[in-house]
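Asks: final.pdb is reproduced in full below (PDB, C-alpha atoms).
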MODEL        1
ATOM      1  CA  MET A 267     -55.584  17.305   5.601
ATOM      2  CA  ILE A 268     -54.319  16.870   9.161
ATOM      3  CA  ARG A 269     -56.325  13.713   9.491
ATOM      4  CA  SER A 270     -54.850  12.144   6.391
ATOM      5  CA  LEU A 271     -51.354  13.080   7.588
ATOM      6  CA  LEU A 272     -52.037  11.463  10.945
ATOM      7  CA  ILE A 273     -53.279   8.336   9.281
ATOM      8  CA  SER A 274     -50.221   8.072   7.063
ATOM      9  CA  VAL A 275     -47.934   8.522  10.080
ATOM     10  CA  LEU A 276     -49.797   5.782  11.904
ATOM     11  CA  LEU A 277     -49.557   3.546   8.865
ATOM     12  CA  LEU A 278     -45.803   4.196   8.632
ATOM     13  CA  GLY A 279     -45.495   3.275  12.288
ATOM     14  CA  ALA A 280     -47.219   0.004  11.597
ATOM     15  CA  VAL A 281     -44.920  -0.810   8.689
ATOM     16  CA  ALA A 282     -41.621   0.279  10.272
ATOM     17  CA  PRO A 283     -41.046  -2.821  12.451
ATOM     18  CA  PHE A 284     -41.104  -4.990   9.351
ATOM     19  CA  ALA A 285     -38.538  -2.775   7.701
ATOM     20  CA  PHE A 286     -36.168  -3.388  10.616
ATOM     21  CA  ALA A 287     -36.952  -7.068  10.791
ATOM     22  CA  LYS A 288     -35.004  -7.534   7.576
ATOM     23  CA  GLU A 289     -31.762  -6.435   9.263
ATOM     24  CA  ALA A 290     -31.621  -9.449  11.564
ATOM     25  CA  GLN A 291     -28.671 -11.768  11.108
ATOM     26  CA  PRO A 292     -29.469 -14.901   9.169
ATOM     27  CA  ALA A 293     -29.641 -17.349  12.031
ATOM     28  CA  GLY A 294     -28.698 -20.929  11.361
ATOM     29  CA  ASP A 295     -31.471 -23.442  11.100
ATOM     30  CA  ASP A 296     -30.239 -25.752  13.843
ATOM     31  CA  PRO A 297     -30.402 -24.217  17.358
ATOM     32  CA  ALA A 298     -27.967 -26.797  18.771
ATOM     33  CA  VAL A 299     -25.352 -25.841  16.171
ATOM     34  CA  GLU A 300     -25.951 -22.134  16.832
ATOM     35  CA  GLN A 301     -25.529 -22.658  20.546
ATOM     36  CA  ARG A 302     -22.216 -24.433  20.109
ATOM     37  CA  LEU A 303     -21.104 -21.816  17.613
ATOM     38  CA  HIS A 304     -21.944 -19.054  20.063
ATOM     39  CA  LYS A 305     -20.153 -20.749  22.933
ATOM     40  CA  LEU A 306     -17.090 -21.441  20.836
ATOM     41  CA  SER A 307     -16.915 -18.028  19.229
ATOM     42  CA  GLN A 308     -17.022 -16.318  22.605
ATOM     43  CA  GLU A 309     -13.656 -17.887  23.302
ATOM     44  CA  LEU A 310     -12.239 -16.532  20.061
ATOM     45  CA  ARG A 311     -10.877 -13.128  19.211
ATOM     46  CA  CYS A 312     -11.932 -11.234  16.142
ATOM     47  CA  LEU A 313      -8.657 -10.345  14.452
ATOM     48  CA  VAL A 314      -9.987  -7.201  12.835
ATOM     49  CA  CYS A 315     -11.371  -5.532  15.957
ATOM     50  CA  GLN A 316      -9.115  -7.169  18.451
ATOM     51  CA  ASN A 317     -11.010  -6.473  21.638
ATOM     52  CA  GLU A 318     -14.169  -8.101  20.422
ATOM     53  CA  THR A 319     -15.032 -11.746  20.454
ATOM     54  CA  LEU A 320     -15.852 -13.530  17.275
ATOM     55  CA  ALA A 321     -19.380 -13.905  18.631
ATOM     56  CA  ASP A 322     -19.923 -10.148  18.997
ATOM     57  CA  SER A 323     -18.063  -8.821  16.002
ATOM     58  CA  ARG A 324     -19.825  -7.619  12.907
ATOM     59  CA  ALA A 325     -16.659  -7.498  10.840
ATOM     60  CA  ASP A 326     -16.736  -9.312   7.515
ATOM     61  CA  LEU A 327     -13.947 -11.640   8.543
ATOM     62  CA  ALA A 328     -15.775 -12.565  11.742
ATOM     63  CA  GLU A 329     -18.824 -13.468   9.696
ATOM     64  CA  ASP A 330     -16.697 -15.620   7.401
ATOM     65  CA  LEU A 331     -15.081 -17.340  10.352
ATOM     66  CA  ARG A 332     -18.440 -17.971  11.989
ATOM     67  CA  ARG A 333     -19.654 -19.506   8.743
ATOM     68  CA  GLU A 334     -16.543 -21.679   8.660
ATOM     69  CA  ILE A 335     -17.077 -22.795  12.273
ATOM     70  CA  ARG A 336     -20.774 -23.439  11.641
ATOM     71  CA  GLU A 337     -19.907 -25.665   8.705
ATOM     72  CA  GLN A 338     -17.308 -27.545  10.674
ATOM     73  CA  ILE A 339     -19.755 -28.123  13.533
ATOM     74  CA  LYS A 340     -22.270 -29.482  11.043
ATOM     75  CA  ALA A 341     -19.558 -31.712   9.618
ATOM     76  CA  GLY A 342     -19.227 -33.253  13.067
ATOM     77  CA  LYS A 343     -15.873 -31.737  14.082
ATOM     78  CA  SER A 344     -15.156 -31.482  17.795
ATOM     79  CA  ASP A 345     -14.516 -28.122  19.471
ATOM     80  CA  LYS A 346     -10.888 -29.115  19.880
ATOM     81  CA  GLU A 347     -10.503 -29.836  16.170
ATOM     82  CA  ILE A 348     -12.082 -26.511  15.235
ATOM     83  CA  ILE A 349      -9.792 -24.609  17.593
ATOM     84  CA  GLU A 350      -6.814 -26.445  16.149
ATOM     85  CA  PHE A 351      -7.970 -25.502  12.657
ATOM     86  CA  LEU A 352      -8.108 -21.826  13.625
ATOM     87  CA  THR A 353      -4.866 -21.662  15.586
ATOM     88  CA  ALA A 354      -3.019 -23.369  12.720
ATOM     89  CA  ARG A 355      -4.033 -20.414  10.551
ATOM     90  CA  TYR A 356      -4.230 -17.448  12.887
ATOM     91  CA  GLY A 357      -1.974 -18.500  15.741
ATOM     92  CA  GLN A 358      -2.642 -18.478  19.469
ATOM     93  CA  PHE A 359      -3.649 -14.857  19.199
ATOM     94  CA  ILE A 360      -7.141 -15.864  18.170
ATOM     95  CA  LEU A 361      -7.684 -17.555  21.531
ATOM     96  CA  TYR A 362      -8.765 -15.389  24.425
ATOM     97  CA  ARG A 363      -7.274 -18.026  26.698
ATOM     98  CA  PRO A 364      -3.986 -19.049  25.090
ATOM     99  CA  GLN A 365      -2.815 -22.593  25.626
ATOM    100  CA  VAL A 366      -0.132 -23.244  28.222
ATOM    101  CA  THR A 367       3.034 -23.705  26.149
ATOM    102  CA  PRO A 368       6.632 -22.657  26.891
ATOM    103  CA  THR A 369       6.081 -19.388  25.009
ATOM    104  CA  THR A 370       3.096 -18.518  27.181
ATOM    105  CA  TYR A 371       4.568 -19.579  30.532
ATOM    106  CA  LEU A 372       5.431 -15.975  31.331
ATOM    107  CA  LEU A 373       1.883 -14.912  30.518
ATOM    108  CA  TRP A 374       0.284 -17.619  32.626
ATOM    109  CA  PHE A 375       2.649 -17.770  35.582
ATOM    110  CA  GLY A 376       4.230 -14.281  35.522
ATOM    111  CA  PRO A 377       1.544 -12.702  37.738
ATOM    112  CA  PHE A 378       1.926 -15.450  40.351
ATOM    113  CA  VAL A 379       5.710 -15.076  40.305
ATOM    114  CA  LEU A 380       5.261 -11.326  40.813
ATOM    115  CA  LEU A 381       2.794 -11.966  43.636
ATOM    116  CA  LEU A 382       5.163 -14.389  45.383
ATOM    117  CA  GLY A 383       8.058 -11.960  44.903
ATOM    118  CA  GLY A 384       5.979  -9.144  46.354
ATOM    119  CA  LEU A 385       4.936 -11.227  49.354
ATOM    120  CA  PHE A 386       8.555 -12.242  49.948
ATOM    121  CA  LEU A 387       9.708  -8.613  49.863
ATOM    122  CA  LEU A 388       6.855  -7.569  52.147
ATOM    123  CA  PHE A 389       7.665 -10.213  54.755
ATOM    124  CA  THR A 390      11.402  -9.554  54.743
ATOM    125  CA  TYR A 391      10.637  -5.841  55.128
ATOM    126  CA  ILE A 392       8.286  -6.441  58.064
ATOM    127  CA  LYS A 393      10.763  -8.781  59.719
ATOM    128  CA  GLN A 394      13.608  -6.274  59.284
ATOM    129  CA  ARG A 395      11.512  -3.506  60.809
ATOM    130  CA  ARG A 396      10.507  -5.650  63.735
ATOM    131  CA  ASP A 397      14.155  -6.468  64.414
ATOM    132  CA  SER A 398      15.308  -2.842  64.231
ATOM    133  CA  VAL A 399      12.425  -1.308  66.199
ATOM    134  CA  SER A 400      12.915  -3.179  69.448
ATOM    135  CA  GLU A 401      10.715  -2.215  72.356
ATOM    136  CA  LYS A 402      12.827  -0.694  75.111
ATOM    137  CA  PRO A 403      11.146   0.537  78.294
ATOM    138  CA  LEU A 404      11.452   4.285  78.850
ATOM    139  CA  SER A 405      14.130   5.525  81.156
ATOM    140  CA  VAL A 406      13.125   7.492  84.282
ATOM    141  CA  GLU A 407      14.164  10.783  82.668
ATOM    142  CA  GLU A 408      12.148  10.058  79.481
ATOM    143  CA  ARG A 409       9.063   9.101  81.477
ATOM    144  CA  ARG A 410       9.242  12.345  83.477
ATOM    145  CA  ARG A 411       9.481  14.391  80.277
ATOM    146  CA  ALA A 412       6.581  12.549  78.714
ATOM    147  CA  GLU A 413       4.372  13.194  81.716
ATOM    148  CA  GLU A 414       5.350  16.844  81.687
ATOM    149  CA  LEU A 415       4.399  17.157  78.050
ATOM    150  CA  LEU A 416       1.043  15.473  78.595
ATOM    151  CA  ALA A 417       0.304  17.662  81.572
ATOM    152  CA  SER A 418       1.000  21.011  79.864
ATOM    153  CA  PRO A 419      -2.404  22.584  79.051
ATOM    154  CA  SER A 420      -1.735  23.590  75.467
ATOM    155  CA  GLY A 421      -0.208  20.229  74.668
ATOM    156  CA  LYS A 422       2.741  22.043  73.140
ATOM    157  CA  GLU A 423       6.304  21.804  74.228
ATOM    158  CA  THR A 424       6.944  24.606  76.680
ATOM    159  CA  THR A 425      10.715  24.517  77.032
TER     160      THR A 425
ATOM    161  CA  MET B 166      23.250   2.523  47.797
ATOM    162  CA  LEU B 167      21.933  -0.904  46.781
ATOM    163  CA  LYS B 168      18.640   0.111  48.354
ATOM    164  CA  TYR B 169      18.178   2.704  45.609
ATOM    165  CA  LEU B 170      19.735   0.719  42.792
ATOM    166  CA  ILE B 171      17.298  -2.192  42.961
ATOM    167  CA  PRO B 172      14.122  -0.136  42.478
ATOM    168  CA  LEU B 173      15.900   1.857  39.770
ATOM    169  CA  ALA B 174      16.892  -1.337  37.972
ATOM    170  CA  LEU B 175      13.335  -2.675  38.241
ATOM    171  CA  PHE B 176      12.011   0.617  36.924
ATOM    172  CA  LEU B 177      14.383   0.516  33.959
ATOM    173  CA  VAL B 178      13.335  -3.050  33.142
ATOM    174  CA  LEU B 179       9.716  -1.896  33.212
ATOM    175  CA  VAL B 180      10.535   1.049  30.941
ATOM    176  CA  VAL B 181      12.239  -1.245  28.437
ATOM    177  CA  PHE B 182       9.236  -3.595  28.373
ATOM    178  CA  LEU B 183       6.808  -0.724  27.948
ATOM    179  CA  ALA B 184       8.953   0.837  25.223
ATOM    180  CA  ILE B 185       8.986  -2.438  23.289
ATOM    181  CA  GLY B 186       5.250  -2.769  23.829
ATOM    182  CA  LEU B 187       4.568   0.732  22.559
ATOM    183  CA  GLY B 188       6.760   0.289  19.520
ATOM    184  CA  ARG B 189       4.818  -2.748  18.387
ATOM    185  CA  ASP B 190       1.837  -2.687  16.094
ATOM    186  CA  PRO B 191      -0.857  -4.774  17.798
ATOM    187  CA  HIS B 192      -2.414  -5.424  14.404
ATOM    188  CA  GLU B 193       0.628  -7.390  13.333
ATOM    189  CA  VAL B 194      -0.088 -10.865  14.519
ATOM    190  CA  PRO B 195       2.799 -13.217  13.804
ATOM    191  CA  SER B 196       1.645 -15.861  11.375
ATOM    192  CA  PRO B 197       2.039 -19.478  12.435
ATOM    193  CA  LEU B 198       2.340 -20.336   8.741
ATOM    194  CA  ILE B 199       5.912 -19.115   8.323
ATOM    195  CA  ASN B 200       8.095 -22.039   7.225
ATOM    196  CA  LYS B 201       5.019 -24.219   6.792
ATOM    197  CA  SER B 202       3.733 -25.307   3.441
ATOM    198  CA  ALA B 203       1.412 -22.866   1.774
ATOM    199  CA  PRO B 204      -2.184 -24.113   1.833
ATOM    200  CA  ALA B 205      -3.065 -25.602  -1.541
ATOM    201  CA  PHE B 206      -5.858 -24.036  -3.541
ATOM    202  CA  ARG B 207      -7.393 -24.038  -6.982
ATOM    203  CA  LEU B 208      -9.419 -21.007  -7.934
ATOM    204  CA  ALA B 209     -10.867 -19.432 -11.043
ATOM    205  CA  GLN B 210      -8.753 -16.701 -12.557
ATOM    206  CA  LEU B 211     -10.112 -13.206 -12.202
ATOM    207  CA  LYS B 212      -9.633 -12.187 -15.823
ATOM    208  CA  ASP B 213     -10.740 -15.471 -17.335
ATOM    209  CA  PRO B 214     -12.951 -17.472 -14.958
ATOM    210  CA  SER B 215     -12.925 -20.441 -17.329
ATOM    211  CA  LYS B 216      -9.263 -20.983 -16.416
ATOM    212  CA  THR B 217      -8.043 -21.911 -12.973
ATOM    213  CA  PHE B 218      -4.920 -21.161 -11.033
ATOM    214  CA  SER B 219      -3.509 -23.517  -8.451
ATOM    215  CA  SER B 220      -0.730 -23.177  -5.919
ATOM    216  CA  GLU B 221       0.534 -26.470  -7.386
ATOM    217  CA  ASP B 222       1.182 -24.711 -10.713
ATOM    218  CA  MET B 223       3.944 -22.772  -8.974
ATOM    219  CA  ARG B 224       5.971 -25.761  -7.759
ATOM    220  CA  GLY B 225       9.656 -25.201  -8.353
ATOM    221  CA  LYS B 226       9.311 -21.433  -8.516
ATOM    222  CA  VAL B 227       9.834 -18.653  -6.036
ATOM    223  CA  TRP B 228       6.758 -16.455  -6.137
ATOM    224  CA  ILE B 229       4.761 -13.851  -4.323
ATOM    225  CA  LEU B 230       1.104 -14.087  -3.431
ATOM    226  CA  ASN B 231      -0.397 -10.684  -2.740
ATOM    227  CA  VAL B 232      -3.849 -10.518  -1.160
ATOM    228  CA  TRP B 233      -5.794  -7.539  -2.437
ATOM    229  CA  ALA B 234      -9.277  -6.201  -2.986
ATOM    230  CA  SER B 235     -10.780  -3.193  -4.662
ATOM    231  CA  TRP B 236     -12.519  -2.227  -1.402
ATOM    232  CA  CYS B 237      -9.191  -2.180   0.440
ATOM    233  CA  VAL B 238      -7.862   1.325   0.955
ATOM    234  CA  SER B 239      -4.288   0.349   1.872
ATOM    235  CA  CYS B 240      -4.108  -1.787  -1.278
ATOM    236  CA  ARG B 241      -4.461   1.409  -3.266
ATOM    237  CA  ASP B 242      -1.489   2.863  -1.382
ATOM    238  CA  GLU B 243       0.555  -0.232  -2.026
ATOM    239  CA  HIS B 244      -0.381  -0.525  -5.673
ATOM    240  CA  PRO B 245       2.207   1.801  -7.296
ATOM    241  CA  LEU B 246       4.979  -0.095  -5.507
ATOM    242  CA  LEU B 247       3.669  -3.415  -6.807
ATOM    243  CA  ILE B 248       3.607  -2.034 -10.349
ATOM    244  CA  GLU B 249       7.207  -0.907  -9.941
ATOM    245  CA  TYR B 250       8.359  -4.219  -8.461
ATOM    246  CA  ALA B 251       6.542  -6.237 -11.110
ATOM    247  CA  ARG B 252       8.385  -4.256 -13.771
ATOM    248  CA  THR B 253      11.785  -5.251 -12.331
ATOM    249  CA  GLY B 254      10.847  -8.903 -12.865
ATOM    250  CA  ALA B 255      12.748  -9.951  -9.747
ATOM    251  CA  VAL B 256      10.002 -12.309  -8.667
ATOM    252  CA  PRO B 257       6.607 -13.095 -10.205
ATOM    253  CA  ILE B 258       3.715 -11.522  -8.301
ATOM    254  CA  TYR B 259       0.370 -13.306  -8.252
ATOM    255  CA  GLY B 260      -2.759 -11.807  -6.786
ATOM    256  CA  LEU B 261      -5.383 -13.290  -4.539
ATOM    257  CA  ASN B 262      -8.445 -11.138  -5.056
ATOM    258  CA  TRP B 263     -10.158 -11.374  -1.690
ATOM    259  CA  LYS B 264     -13.944 -11.194  -1.356
ATOM    260  CA  ASP B 265     -14.321  -8.809  -4.218
ATOM    261  CA  LYS B 266     -16.885  -8.372  -6.933
ATOM    262  CA  PRO B 267     -15.110  -9.416 -10.136
ATOM    263  CA  GLU B 268     -16.391  -6.357 -12.002
ATOM    264  CA  ASP B 269     -15.051  -4.037  -9.260
ATOM    265  CA  ALA B 270     -11.726  -5.844  -9.235
ATOM    266  CA  LEU B 271     -11.376  -5.705 -13.013
ATOM    267  CA  GLY B 272     -12.271  -2.002 -12.998
ATOM    268  CA  TRP B 273      -9.609  -1.389 -10.353
ATOM    269  CA  LEU B 274      -6.939  -3.135 -12.424
ATOM    270  CA  ALA B 275      -8.028  -1.299 -15.577
ATOM    271  CA  GLU B 276      -7.820   2.042 -13.799
ATOM    272  CA  LEU B 277      -4.600   1.596 -11.835
ATOM    273  CA  GLY B 278      -2.713  -0.981 -13.865
ATOM    274  CA  ASP B 279      -2.194  -4.672 -13.299
ATOM    275  CA  PRO B 280       1.030  -5.720 -11.541
ATOM    276  CA  TYR B 281      -0.033  -9.358 -11.331
ATOM    277  CA  VAL B 282       0.909 -12.221 -13.612
ATOM    278  CA  LEU B 283      -2.659 -13.202 -12.846
ATOM    279  CA  SER B 284      -5.114 -12.892 -10.004
ATOM    280  CA  ALA B 285      -7.139 -15.721  -8.532
ATOM    281  CA  ALA B 286     -10.639 -14.852  -7.367
ATOM    282  CA  ASP B 287     -11.359 -15.908  -3.792
ATOM    283  CA  LEU B 288     -14.993 -14.875  -3.925
ATOM    284  CA  ASP B 289     -16.144 -16.193  -0.556
ATOM    285  CA  GLY B 290     -12.867 -15.763   1.322
ATOM    286  CA  ARG B 291     -12.286 -19.427   2.090
ATOM    287  CA  ILE B 292      -8.739 -19.558   0.755
ATOM    288  CA  ALA B 293      -7.949 -16.376   2.648
ATOM    289  CA  ILE B 294      -8.992 -18.130   5.863
ATOM    290  CA  ASP B 295      -6.615 -20.985   5.009
ATOM    291  CA  TYR B 296      -3.842 -18.439   4.656
ATOM    292  CA  GLY B 297      -4.749 -16.717   7.909
ATOM    293  CA  VAL B 298      -5.571 -13.466   6.164
ATOM    294  CA  TYR B 299      -7.302 -10.932   8.370
ATOM    295  CA  GLY B 300      -6.576  -7.632   6.720
ATOM    296  CA  ALA B 301      -5.575  -6.841   3.171
ATOM    297  CA  PRO B 302      -3.061  -6.238   1.812
ATOM    298  CA  GLU B 303      -1.019  -9.203   2.909
ATOM    299  CA  THR B 304       1.912 -10.594   0.992
ATOM    300  CA  TYR B 305       3.396 -14.069   1.087
ATOM    301  CA  LEU B 306       6.728 -15.175  -0.309
ATOM    302  CA  ILE B 307       6.570 -18.840  -1.262
ATOM    303  CA  ASP B 308       9.569 -20.939  -2.247
ATOM    304  CA  GLN B 309      10.151 -23.752  -4.747
ATOM    305  CA  SER B 310       8.882 -26.436  -2.395
ATOM    306  CA  GLY B 311       5.709 -24.503  -1.681
ATOM    307  CA  THR B 312       6.811 -23.288   1.747
ATOM    308  CA  ILE B 313       5.863 -19.840   3.002
ATOM    309  CA  ARG B 314       9.113 -18.057   3.788
ATOM    310  CA  PHE B 315       7.918 -14.580   4.591
ATOM    311  CA  LYS B 316       4.707 -12.757   5.266
ATOM    312  CA  GLN B 317       4.099  -9.048   5.219
ATOM    313  CA  ILE B 318       0.959  -7.833   6.939
ATOM    314  CA  GLY B 319      -0.189  -4.512   5.610
ATOM    315  CA  PRO B 320       1.226  -2.677   2.606
ATOM    316  CA  LEU B 321       4.694  -3.502   1.332
ATOM    317  CA  THR B 322       7.259  -0.788   1.860
ATOM    318  CA  PRO B 323      10.459  -0.116  -0.088
ATOM    319  CA  ASP B 324      12.343  -1.065   3.077
ATOM    320  CA  VAL B 325      10.668  -4.467   3.396
ATOM    321  CA  TRP B 326      11.026  -5.091  -0.326
ATOM    322  CA  SER B 327      14.719  -4.379  -0.630
ATOM    323  CA  ASN B 328      15.889  -5.542   2.794
ATOM    324  CA  LYS B 329      13.736  -8.576   3.421
ATOM    325  CA  ILE B 330      12.056  -9.882   0.299
ATOM    326  CA  LEU B 331      14.733  -9.357  -2.360
ATOM    327  CA  PRO B 332      17.602 -10.904  -0.325
ATOM    328  CA  LEU B 333      15.371 -13.889   0.467
ATOM    329  CA  VAL B 334      14.396 -14.278  -3.180
ATOM    330  CA  GLN B 335      18.058 -14.206  -4.236
ATOM    331  CA  GLU B 336      19.044 -16.715  -1.599
ATOM    332  CA  LEU B 337      16.189 -19.042  -2.518
ATOM    333  CA  ASN B 338      17.021 -18.824  -6.220
ATOM    334  CA  ARG B 339      20.681 -19.580  -5.495
ATOM    335  CA  GLN B 340      19.736 -22.615  -3.417
ATOM    336  CA  GLY B 341      17.295 -23.673  -6.108
ATOM    337  CA  THR B 342      19.882 -23.643  -8.907
ATOM    338  CA  SER B 343      22.665 -25.304  -6.901
ATOM    339  CA  ARG B 344      20.426 -28.197  -5.952
TER     340      ARG B 344
ENDMDL
END
Spell out the structure here as structure tokens.

Replies:
Amino acid sequence: MIRSLLISVLLLGAVAPFAFAKEAQPAGDDPAVEQRLHKLSQELRCLVCQNETLADSRADLAEDLRREIREQIKAGKSDKEIIEFLTARYGQFILYRPQVTPTTYLLWFGPFVLLLGGLFLLFTYIKQRRDSVSEKPLSVEERRRAEELLASPSGKETT
Amino acid sequence: MLKYLIPLALFLVLVVFLAIGLGRDPHEVPSPLINKSAPAFRLAQLKDPSKTFSSEDMRGKVWILNVWASWCVSCRDEHPLLIEYARTGAVPIYGLNWKDKPEDALGWLAELGDPYVLSAADLDGRIAIDYGVYGAPETYLIDQSGTIRFKQIGPLTPDVWSNKILPLVQELNRQGTSR
């Protein structure tokens, strides 16, 4: 009884990998096309799950869009033409790296403007401080008091 | 005094930006198709696949294209409103049945009612890609010249219908008759 159970478990184990093998995505037949598709779709946002690339997403729409891109690659379209096709329909949002246009100037150059502004503020602040904290030598009275303080054993002010 | 006002002003600007950012729905991606001509298509009709429906058939009319599917949960929410709006006859509503099994779609219409003049079956979702659809329901208002004038992403609401779509429909119809 136990032996037959063991055998059936072993047999199941042997069959299981084939059961999973069916789940694999239907890969395209042309590796060059697939490579270009993968490269291109990593630059593209899946609109359903917005923090995923089109390459990684398993959403239905992503699959449709990958099929569309695959077909366009096979039809001999350039990457630029395919991206134009997609942005005409879904807008710049589909691009992980939006094009530099007047509407995206703030996005592209804003951080640098902030950085320059911050540096400017920092330098004016440092300069102001340097001007206000001028180094004056101690007067005789101040020097005497300082020595007294350093000399006192507890290091605390004794007066 | 100025020393405190500048950081305060910067902080307020930041608050305003963040408030606008929070109030926005990141799933609403503005469509680049607004005021562009609606992509042409010819598809089999859902109820009678031997007949076709084309965007060209609607030249000279103001109409609504509503993208729906039986698997789409929000479409079910939107559906009673569509039935109500179709009954008013303010503007003809056509359906684009998106990546649906025809038998499921027909069952859905039989169960819940059919607000559409007719539905076109976009079985493999190609036309939806042309229209930049990424989540049903989506609704397009298309004018006499075949230009998309308005797009609603997600279910229609009474507010959108009466404050955005109806005024636009009236204006377009007025322009259409005076021309």

Asks: Output as a PDB file with C-alpha atoms, in the frame of the given file the set of chain B residues within 10 Å of chain A, with distances taken over only C-alpha atoms.

Replies:
ATOM      1  CA  PRO B 191      -0.857  -4.774  17.798  1.00  0.00           C
ATOM      2  CA  HIS B 192      -2.414  -5.424  14.404  1.00  0.00           C
ATOM      3  CA  GLU B 193       0.628  -7.390  13.333  1.00  0.00           C
ATOM      4  CA  VAL B 194      -0.088 -10.865  14.519  1.00  0.00           C
ATOM      5  CA  PRO B 195       2.799 -13.217  13.804  1.00  0.00           C
ATOM      6  CA  SER B 196       1.645 -15.861  11.375  1.00  0.00           C
ATOM      7  CA  PRO B 197       2.039 -19.478  12.435  1.00  0.00           C
ATOM      8  CA  LEU B 198       2.340 -20.336   8.741  1.00  0.00           C
ATOM      9  CA  PRO B 204      -2.184 -24.113   1.833  1.00  0.00           C
ATOM     10  CA  LYS B 264     -13.944 -11.194  -1.356  1.00  0.00           C
ATOM     11  CA  ASP B 289     -16.144 -16.193  -0.556  1.00  0.00           C
ATOM     12  CA  GLY B 290     -12.867 -15.763   1.322  1.00  0.00           C
ATOM     13  CA  ARG B 291     -12.286 -19.427   2.090  1.00  0.00           C
ATOM     14  CA  ALA B 293      -7.949 -16.376   2.648  1.00  0.00           C
ATOM     15  CA  ILE B 294      -8.992 -18.130   5.863  1.00  0.00           C
ATOM     16  CA  ASP B 295      -6.615 -20.985   5.009  1.00  0.00           C
ATOM     17  CA  TYR B 296      -3.842 -18.439   4.656  1.00  0.00           C
ATOM     18  CA  GLY B 297      -4.749 -16.717   7.909  1.00  0.00           C
ATOM     19  CA  VAL B 298      -5.571 -13.466   6.164  1.00  0.00           C
ATOM     20  CA  TYR B 299      -7.302 -10.932   8.370  1.00  0.00           C
ATOM     21  CA  GLY B 300      -6.576  -7.632   6.720  1.00  0.00           C
TER      22      GLY B 300
END

Asks: Using the chain letters and numbering of this document, enumerate as a ChimeraX atom specification the residues selected by the PyMOL selection byres ((chain B and resi 212) around 10).

Replies: /B:209-211,213-216,267-268,270-271,283-286

Asks: Do a neighbour search on region 326-329 of chain B at 10 Å with all atoms listed in the file, toss out local chain neighbours closer than 2 positions, and write the hits as a compact mmCIF listing (two decimals) with C-alpha atoms, keeping the file's coordinate frame.

Replies:
# COMPACT_ATOMS: atom_id res chain seq x y z
CA LEU B 246 4.98 -0.10 -5.51
CA LEU B 247 3.67 -3.42 -6.81
CA TYR B 250 8.36 -4.22 -8.46
CA PHE B 315 7.92 -14.58 4.59
CA GLN B 317 4.10 -9.05 5.22
CA LEU B 321 4.69 -3.50 1.33
CA THR B 322 7.26 -0.79 1.86
CA PRO B 323 10.46 -0.12 -0.09
CA ASP B 324 12.34 -1.06 3.08
CA LEU B 331 14.73 -9.36 -2.36
CA PRO B 332 17.60 -10.90 -0.32
CA LEU B 333 15.37 -13.89 0.47
CA VAL B 334 14.40 -14.28 -3.18

Asks: Since I can't run it myself right now, could you work out what the PyMOL selection byres ((chain A and resi 336) around 9) selects here and report it as a PDB file with C-alpha atoms, keeping the file's coordinate frame?

Replies:
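Contents of out.pdb, as written:
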ATOM      1  CA  GLY A 294     -28.698 -20.929  11.361  1.00  0.00           C
ATOM      2  CA  VAL A 299     -25.352 -25.841  16.171  1.00  0.00           C
ATOM      3  CA  GLU A 300     -25.951 -22.134  16.832  1.00  0.00           C
ATOM      4  CA  ARG A 302     -22.216 -24.433  20.109  1.00  0.00           C
ATOM      5  CA  LEU A 303     -21.104 -21.816  17.613  1.00  0.00           C
ATOM      6  CA  LEU A 331     -15.081 -17.340  10.352  1.00  0.00           C
ATOM      7  CA  ARG A 332     -18.440 -17.971  11.989  1.00  0.00           C
ATOM      8  CA  ARG A 333     -19.654 -19.506   8.743  1.00  0.00           C
ATOM      9  CA  GLU A 334     -16.543 -21.679   8.660  1.00  0.00           C
ATOM     10  CA  ILE A 335     -17.077 -22.795  12.273  1.00  0.00           C
ATOM     11  CA  GLU A 337     -19.907 -25.665   8.705  1.00  0.00           C
ATOM     12  CA  GLN A 338     -17.308 -27.545  10.674  1.00  0.00           C
ATOM     13  CA  ILE A 339     -19.755 -28.123  13.533  1.00  0.00           C
ATOM     14  CA  LYS A 340     -22.270 -29.482  11.043  1.00  0.00           C
ATOM     15  CA  ALA A 341     -19.558 -31.712   9.618  1.00  0.00           C
TER      16      ALA A 341
END

Asks: Which value, in Å to one decimal, gives the distance between CA of Ser219 (chain B) and CA of Ala205 (chain B)?

Replies: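 Taking CA of Ser219 (chain B) as the start and CA of Ala205 (chain B) as the end point, the length is 7.2 Å.
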
Asks: Here is a test: counting all atoms listed in the file, which residue of B:Val227, B:Leu337, B:Ala184, B:Leu306 is nearest to Val325 (chain B)?

Replies: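 Comparing B:Val227, B:Leu337, B:Ala184, B:Leu306 against Val325 (chain B), the winner is B:Leu306.
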
Asks: For a quick check of understanding, using all atoms listed in the file, which of B:Gly260, B:Gly272, B:Gly278, B:Gly341 has the smallest distance to Tyr305 (chain B)?

Replies: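 Checking each of B:Gly260, B:Gly272, B:Gly278, B:Gly341 against Tyr305 (chain B), counting all atoms listed in the file, the winner is B:Gly260.
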
Asks: How many Å lie between CA of Ile349 (chain A) and CA of Gln301 (chain A), rounded to one decimal?

Replies: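 These atoms are spaced 16.1 Å apart.
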
Asks: Which residues fall under the PyMOL selection byres ((chain B and resi 244) around 12) in this file, as an MDAnalysis selection string?

Replies: chainID B and resid 231:235 237:243 245:251 260 273:274 276:281 302 319:322

Asks: What separation in Å, quoted to one decimal, exists between CA of Ser344 (chain A) and CA of Lys201 (chain B)?

Replies: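 CA of Lys201 (chain B) lies at a distance of 24.1 Å from CA of Ser344 (chain A).
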
Asks: So which residues touch Gln335 (chain B) within 9 Å, counting all atoms listed in the file, skipping near sequence neighbours fewer than 5 positions away, as a list in words?

Replies: Ala255, Ile330 and Gln340 of chain B
